[in-house]
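Quick notes on the structure that follows.
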Amino acid sequence: MVIIKFLPYGKQHIDSADIESVVDILKSDFITQGPKIQEFEEKLAEYCGSKFAVAFNSGTSALHGSYFVLGLQKNDQIITSPNTFVATSNAALYLDAEPIFSDVERETGNLDFSKVEEKITNKTRLIVPVHYSGNPADLKELSEIAEDNNVKIIEDAAHSIGAKYNGEKIGNSRYSDMTILSFHPVKHLTTGEGGLVLTNNDEYCEKLQMFRSHGITKNHFTNKSEGDWYYEMHYLGYNYRITDIQAALGLSQLDKLDEFIKRRREIAKMYNRAFDNNPFFKTIAEKECCKSSYHLFPILIEDEFKNNKRQIFSKLRNEGLGVQVHYIPVYLQPYYQKLGYKNGSCPIAEDFYHREISIPMYPTMDNADVDYVIKKVFKVFESL
């Protein structure tokens with residue numbers, strides 16, 4: 001079979017302005033640990049409505065740093081969603097803490113907060129909601145649960161920069177202690193690899209800056225400074241620093257971010273209109289409080305066709321659609337099974353996995369591409 005066109009589920013868009021911004025840094029005095037990083041952080045904080053931003057070399061290291069700064073340690077627990085990439089819970093394992101998985105909403109794939117409180121114990125330190133596919137979770141409800149139980153919140157917003165909750169951009173940390181972002185190439189804004197933590201707490205900001213740089217400070221000393229060269233290591237940190245090269249690319253991408261999100265929402269509108277009331281699958285709807293930034297466009301296969309998912313997936317690929325599945329519930333991974341996590345612990349998340357397929361969604365798709373996807377999706381399902 002010859003595939004005339006192949007559309008991946010997501011990809012980056014790099015233009016001449018992005019390339020020029022990187023070349024300018026390569027010709028400058030600083031390619032890492034220079035002024036572009038702070039400029040990138042300040043503009044991201046302003047965009048999201050947060051006081052502080054600390055850039056990391058990946059979303060995973062941003063999660064690790066945020067968990068560390070909030071004091072997560074051995075025998076502590078975090079509550080999070082199984083419907084996420086493994087990094088969300090892995091970062092807790094790095095600190096010898098225990099991830100506790102809570103089930104999700106059938107309609108959105110986000111944490112079902114009505115089930116979170118029953119998971120809280122005297123070991124719970126953090127709740128980490130994931131704004132799945134770019135669609136925000138209901139943060140006000142969660143913040144009330146966290147406050148009642150003296151638990152902190154970190155938003156995993158790897159999917160959702162530019163999304164809005166109650167009219168405000170995700171990342172302002174109004175209802176949480178920190179928010180993490182990811183800049184992987186399939187995300188809305190890319191730095192190649194990269195991540196960032198947003199917070200309104202200056203103490204957290206300082207500790208994050210130290211954690212990403214070997215736990216070292218050049219500002220607040222325990223001992224007397226011996227000269228301008230002097231520094232001290234206060235924590236066992238890591239080399240999680242981002243480069244000026246990446247920051248320059250991120251700044252250039254940020255200039256286009258609102259247009260990227262606008263186009264994603266236009267594509268989603270076209271999909272939703274075409275797929276409305278079809279007999280084969282459902283799509284994810286936005287709640288009244290939420291405005292998705294559509295990192296993904298998931299379809300959820302109806303009961304009659306759910307057992308044919310493998311066949312459907314393969315046929316969609318053969319038709320030129322680079323579909324993907326988001327996600328295998330984390331606790332079903334062999335590593336987690338060896339730790340004692342059991343099948344069936346979050347039945348709705350497992351059912352969601354058996355139904356979900358992500359179809360192409362990225363801002364450089366033109367209307368002909370969108371029509372192509374719609375026609376191929378219906379062709380495959382009607383062939384069943």
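Chain lettering (A, B, ...) mirrors the order of the structure tokens, residue numbering begins at 1 for each chain separately, and ligand numbering begins at 1 in order of display.
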
Find the residues near region 300-302 of chain A: any atom within 7 Å, counting only C-alpha atoms, skip ones fewer than 2 places away on the same chain, and give them as JSON, numbers by chain. {"A": [280, 281, 282, 283, 298, 304, 305, 306, 355, 356, 357]}

Using only C-alpha atoms, what table do you get, as a Markdown table, when you list each residue of region 317-352 of chain A with an atom no more than 12 Å from region 88-91 of chain A, its nearest pair of atoms, and their distance in Å rounded to one decimal, rows by chain then rising number?
```
| residue | atom | partner | partner_atom | distance |
| --- | --- | --- | --- | --- |
| A:Pro329 | CA | A:Ser89 | CA | 11.2 |
| A:Val330 | CA | A:Ser89 | CA | 8.1 |
| A:Tyr331 | CA | A:Ser89 | CA | 9.5 |
| A:Gln333 | CA | A:Asn90 | CA | 11.6 |
| A:Tyr335 | CA | A:Asn90 | CA | 10.4 |
| A:Tyr336 | CA | A:Asn90 | CA | 9.7 |
```

Taking the backbone alone, and naming residues the way the document does, which bits of region 167-271 of chain A are strand (DSSP E or B) by DSSP, as a list in words? Glu168, Lys169, Met178, Thr179, Ile180, Leu181, Ser182, Gly195, Leu196, Val197, Leu198, Thr199, Ser213, Ile216, Thr217, Glu232, Met233, Asn239 and Thr243 of chain A

10 Å contact set for Asn239 (chain A), only C-alpha atoms, chain neighbours under 3 positions out, as an MDAnalysis selection string: chainID A and resid 56:57 61 210:215 242

Please produce a file of those selected residues containing C-alpha atoms, as a PDB file, in the first residue's frame.
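The result, stored in selection.pdb:
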```pdb
ATOM      1  CA  PHE A  56      14.982  23.160  33.496  1.00  0.00           C
ATOM      2  CA  ASN A  57      16.420  20.901  30.801  1.00  0.00           C
ATOM      3  CA  SER A  61      13.674  17.374  35.778  1.00  0.00           C
ATOM      4  CA  MET A 210      19.858  25.718  43.379  1.00  0.00           C
ATOM      5  CA  PHE A 211      18.491  22.232  42.725  1.00  0.00           C
ATOM      6  CA  ARG A 212      18.963  22.537  38.961  1.00  0.00           C
ATOM      7  CA  SER A 213      22.601  23.565  39.478  1.00  0.00           C
ATOM      8  CA  HIS A 214      24.107  20.926  41.808  1.00  0.00           C
ATOM      9  CA  GLY A 215      22.497  22.458  44.916  1.00  0.00           C
ATOM     10  CA  ILE A 242      18.796  24.622  30.294  1.00  0.00           C
TER      11      ILE A 242
END
```

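The environment of Lys291 (chain A) within 10 Å, counting only C-alpha atoms and disregarding residues fewer than 3 places along the same chain, consists of Gly134, Asn135, Pro136, Ser160, Gly162, Ala163, Lys164, Tyr165, Asn166, Gly167, Glu168, Lys169, Ile170, Arg265, Ala285, Glu286, Lys287, Glu288 and Tyr294 of chain A.
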
For the selection just defined, write its residues with N, CA and C atoms to a file, as a PDB file, in the first residue's frame.
```
ATOM      1  N   GLY A 134      -4.407  18.979  27.420  1.00  0.00           N
ATOM      2  CA  GLY A 134      -4.519  20.440  27.370  1.00  0.00           C
ATOM      3  C   GLY A 134      -5.797  20.955  27.988  1.00  0.00           C
ATOM      4  N   ASN A 135      -6.634  20.043  28.496  1.00  0.00           N
ATOM      5  CA  ASN A 135      -7.937  20.374  29.066  1.00  0.00           C
ATOM      6  C   ASN A 135      -7.803  20.475  30.587  1.00  0.00           C
ATOM      7  N   PRO A 136      -7.930  21.654  31.189  1.00  0.00           N
ATOM      8  CA  PRO A 136      -7.656  21.806  32.618  1.00  0.00           C
ATOM      9  C   PRO A 136      -8.603  21.015  33.511  1.00  0.00           C
ATOM     10  N   SER A 160      -0.550  21.768  28.714  1.00  0.00           N
ATOM     11  CA  SER A 160      -1.608  22.781  28.746  1.00  0.00           C
ATOM     12  C   SER A 160      -1.161  24.233  28.841  1.00  0.00           C
ATOM     13  N   GLY A 162      -1.078  27.865  27.894  1.00  0.00           N
ATOM     14  CA  GLY A 162      -2.048  28.626  27.117  1.00  0.00           C
ATOM     15  C   GLY A 162      -3.489  28.240  27.355  1.00  0.00           C
ATOM     16  N   ALA A 163      -3.733  27.116  28.032  1.00  0.00           N
ATOM     17  CA  ALA A 163      -5.100  26.763  28.401  1.00  0.00           C
ATOM     18  C   ALA A 163      -5.587  27.713  29.499  1.00  0.00           C
ATOM     19  N   LYS A 164      -6.906  27.780  29.672  1.00  0.00           N
ATOM     20  CA  LYS A 164      -7.459  28.688  30.674  1.00  0.00           C
ATOM     21  C   LYS A 164      -8.406  27.965  31.617  1.00  0.00           C
ATOM     22  N   TYR A 165      -8.350  28.391  32.880  1.00  0.00           N
ATOM     23  CA  TYR A 165      -9.272  27.902  33.903  1.00  0.00           C
ATOM     24  C   TYR A 165      -9.907  29.123  34.553  1.00  0.00           C
ATOM     25  N   ASN A 166     -11.227  29.191  34.521  1.00  0.00           N
ATOM     26  CA  ASN A 166     -11.963  30.356  35.016  1.00  0.00           C
ATOM     27  C   ASN A 166     -11.416  31.657  34.431  1.00  0.00           C
ATOM     28  N   GLY A 167     -11.091  31.628  33.156  1.00  0.00           N
ATOM     29  CA  GLY A 167     -10.672  32.825  32.450  1.00  0.00           C
ATOM     30  C   GLY A 167      -9.220  33.214  32.608  1.00  0.00           C
ATOM     31  N   GLU A 168      -8.458  32.474  33.421  1.00  0.00           N
ATOM     32  CA  GLU A 168      -7.050  32.789  33.652  1.00  0.00           C
ATOM     33  C   GLU A 168      -6.164  31.669  33.121  1.00  0.00           C
ATOM     34  N   LYS A 169      -4.989  32.028  32.633  1.00  0.00           N
ATOM     35  CA  LYS A 169      -4.107  31.039  32.047  1.00  0.00           C
ATOM     36  C   LYS A 169      -3.595  30.049  33.097  1.00  0.00           C
ATOM     37  N   ILE A 170      -3.512  28.795  32.698  1.00  0.00           N
ATOM     38  CA  ILE A 170      -2.869  27.774  33.520  1.00  0.00           C
ATOM     39  C   ILE A 170      -1.416  28.186  33.748  1.00  0.00           C
ATOM     40  N   ARG A 265      -7.309  25.303  18.382  1.00  0.00           N
ATOM     41  CA  ARG A 265      -8.725  25.377  18.739  1.00  0.00           C
ATOM     42  C   ARG A 265      -9.611  25.406  17.499  1.00  0.00           C
ATOM     43  N   ALA A 285     -15.054  16.767  25.814  1.00  0.00           N
ATOM     44  CA  ALA A 285     -15.693  18.082  25.860  1.00  0.00           C
ATOM     45  C   ALA A 285     -15.047  18.947  26.933  1.00  0.00           C
ATOM     46  N   GLU A 286     -15.040  20.256  26.687  1.00  0.00           N
ATOM     47  CA  GLU A 286     -14.563  21.199  27.689  1.00  0.00           C
ATOM     48  C   GLU A 286     -15.675  21.467  28.711  1.00  0.00           C
ATOM     49  N   LYS A 287     -15.285  21.571  29.987  1.00  0.00           N
ATOM     50  CA  LYS A 287     -16.229  22.021  30.990  1.00  0.00           C
ATOM     51  C   LYS A 287     -16.385  23.536  30.878  1.00  0.00           C
ATOM     52  N   GLU A 288     -17.443  24.070  31.482  1.00  0.00           N
ATOM     53  CA  GLU A 288     -17.703  25.505  31.391  1.00  0.00           C
ATOM     54  C   GLU A 288     -16.555  26.334  31.952  1.00  0.00           C
ATOM     55  N   TYR A 294      -5.567  22.125  23.649  1.00  0.00           N
ATOM     56  CA  TYR A 294      -5.558  21.021  22.678  1.00  0.00           C
ATOM     57  C   TYR A 294      -4.147  20.585  22.276  1.00  0.00           C
TER      58      TYR A 294
END
```

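The list of residues with at least one atom within 8 Å of Gly194 (chain A), based on only C-alpha atoms and without residues fewer than 6 positions apart in the same chain, reads Ala55, Phe56, Asn57, Ser58, Gly59, Ser182, Phe183, His184, Ile242 and Gln246 of chain A.
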
CA of Val130 (chain A) to CA of Ser143 (chain A), straight-line distance in Å: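 These atoms are spaced 14.0 Å apart.
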
Between CA of Leu198 (chain A) and CA of Gly171 (chain A) - distance in Å to one decimal: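 The value is 6.2 Å.
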
Could you give me, as a PyMOL selection string, the residues within 8 Å of Val370 (chain A), counting only C-alpha atoms and dropping anything in the same chain fewer than 5 positions from it? chain A and resi 267+270-271+365
